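K.L.:
This is the structure I have questions about; it appears just below.
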Amino acid sequence: MGEILTRDALAERVSADRASGLSVAFANGCFDLLHVGHVRYLESAAAEGDRLIVAINDDESVRRLKGESRPILAAEHRAELVAALRCVDYVVVFPEPTVGPLLEALKPDVHCKGTDYSVETVPEREVVRAYGGRIAIVGDPKDHSTRDLLSRIGKTT
């Protein structure tokens with residue numbers, strides 16, 4: 001099971017992993033209702049490095065991104081669910097609009113984004129390039145979404 005860490009504790013852990021010669025992959029998202037698309041994305045991201053960090057948007061940033069009815073699950077619950085996946089090593093919750101500040105602080109070897117992006121459209125691409133990191137587009141085609149899942153649930157109640 002992965003560990004849910006503060007930003008400072010995560011930085012220490014990443015530093016120790018690097019000192020041991022391990023590479024670090026980084027993925028992020030809201031993960032509001034965990035579904036198969038999330039699992040495939042994170043499993044693919046984990047294959048890009050020896051350790052996988054998953055950064056999860058805090059509740060307020062999810063509201064800004066997805067609307068007032070979201071998130072469905074609180075950040076601490078989303079973090080616990082993601083940490084329970086065997087491919088995840090570390091989970092951190094972040095409040096910023098993008099993961100740019102976390103990327104600058106941790107400098108993961110690989111920043112992984114889902115197939116709804118291309119390397120050219122990743123919002124943090126310049127941050128990653130500035131410290132010499134790599135961007136990987138991972139996961140299966142974006143055929144799954146929390147929005148669609150919520151719509152289907154709404155139709156069955």
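Ordering of the structure tokens sets the chain letters (A, B, ...), residue numbers begin anew at 1 in every chain, and ligands are numbered from 1 in the order given.
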Give me the residues near A:Phe31 as a list of chain:residue names, where near means some atom within 8 Å (using only C-alpha atoms) and where sequence neighbours in that chain fewer than 5 positions away do not count.

P.N.:
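Contacts, with the query itself left out: A:His38, A:Ile56, A:Arg78, A:Val82.
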
K.L.:
Give me the residues of stretch 92-111 of chain A that have any atom at most 7 Å from an atom of stretch 119-132 of chain A; for each, the nearest atom pair and the distance in Å, rounded to one decimal. Use only C-alpha atoms, sort by chain and number, and format it as CSV.

P.N.:
```
residue,atom,partner,partner_atom,distance
A:Gly100,CA,A:Glu124,CA,5.7
A:Glu104,CA,A:Val127,CA,6.7
A:Lys107,CA,A:Tyr131,CA,6.7
```

K.L.:
So what do you get for atom CA of A:Val54 versus atom CA of A:Ala27, distance-wise?

P.N.:
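Separation of atom CA of A:Val54 and atom CA of A:Ala27: 4.9 Å.
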
K.L.:
Here is a test: counting only C-alpha atoms, which residue of A:Val24, A:Ala84, A:Leu102, A:Val93 is nearest to A:Glu48?

P.N.:
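When distances to A:Glu48 are compared using only C-alpha atoms, the smallest one comes from A:Val24.
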
K.L.:
Just list the residues in chain A DSSP gives strand (DSSP E or B) on the backbone, as a list in words.

P.N.:
Glu3, Ile4, Val24, Ala25, Phe26, Ala27, Asn28, Gly29, Arg51, Leu52, Ile53, Val54, Ala55, Ile56, Asn57, Tyr90, Val91, Val92, Val93, Phe94, Val110, His111, Cys112, Lys113, Arg134, Ile135, Ala136 and Ile137 of chain A

K.L.:
Got a sec to tell me which of chain A DSSP assigns to helix (DSSP H, G or I), as a ChimeraX atom specification?

P.N.:
/A:7-19,36-46,59-66,75-83,100-106,119-121,125-131,146-156

K.L.:
Measure the distance from atom CA of A:Arg51 to atom CA of A:Arg70 in Å and round it to one decimal.

P.N.:
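Spanning atom CA of A:Arg51 to atom CA of A:Arg70 is a straight-line distance of 29.5 Å.
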
K.L.:
Which polymer residues have any atom within 10 Å of an atom of A:Arg7, counting only C-alpha atoms, with same-chain residues fewer than 4 positions away left out, as a VMD selection string?

P.N.:
chain A and resid 11 to 13 55 91 to 94 102 105 to 106

K.L.:
Which residues, written as a PDB file with N, CA and C atoms, in the first residue's frame, have at least one atom at most 8 Å from A:Arg134, with only C-alpha atoms counted and residues fewer than 6 positions away on the same chain left out?

P.N.:
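Written out: part-v6.pdb:
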```
ATOM      1  N   ASP A 109      11.525  12.363 -12.511  1.00  0.00           N
ATOM      2  CA  ASP A 109      12.135  12.027 -13.792  1.00  0.00           C
ATOM      3  C   ASP A 109      11.117  12.083 -14.928  1.00  0.00           C
ATOM      4  N   VAL A 110       9.897  11.632 -14.627  1.00  0.00           N
ATOM      5  CA  VAL A 110       8.850  11.553 -15.646  1.00  0.00           C
ATOM      6  C   VAL A 110       7.547  12.118 -15.089  1.00  0.00           C
ATOM      7  N   HIS A 111       6.956  13.038 -15.837  1.00  0.00           N
ATOM      8  CA  HIS A 111       5.629  13.574 -15.508  1.00  0.00           C
ATOM      9  C   HIS A 111       4.647  12.885 -16.453  1.00  0.00           C
ATOM     10  N   VAL A 128       8.552  21.064 -16.576  1.00  0.00           N
ATOM     11  CA  VAL A 128       9.259  19.775 -16.685  1.00  0.00           C
ATOM     12  C   VAL A 128      10.505  19.927 -17.552  1.00  0.00           C
TER      13      VAL A 128
END
```

K.L.:
Separation of atom CA of A:Asp32 and atom CA of A:Glu3, in Å?

P.N.:
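Value for the atom CA of A:Asp32-atom CA of A:Glu3 distance: 18.5 Å.
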
K.L.:
Have a look at A:Ala74, A:Leu33, A:Val39, A:Ala83 and name the one nearest to A:Gly2; count only C-alpha atoms.

P.N.:
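Closest to A:Gly2, using only C-alpha atoms: A:Ala83.
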
K.L.:
Let me make sure I understand: among A:Glu76, A:Glu68, A:Asp17, A:Asp116, which one has the smallest atom-to-atom distance to A:Asp89 if we use only C-alpha atoms?

P.N.:
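Closest to A:Asp89, using only C-alpha atoms: A:Asp17.
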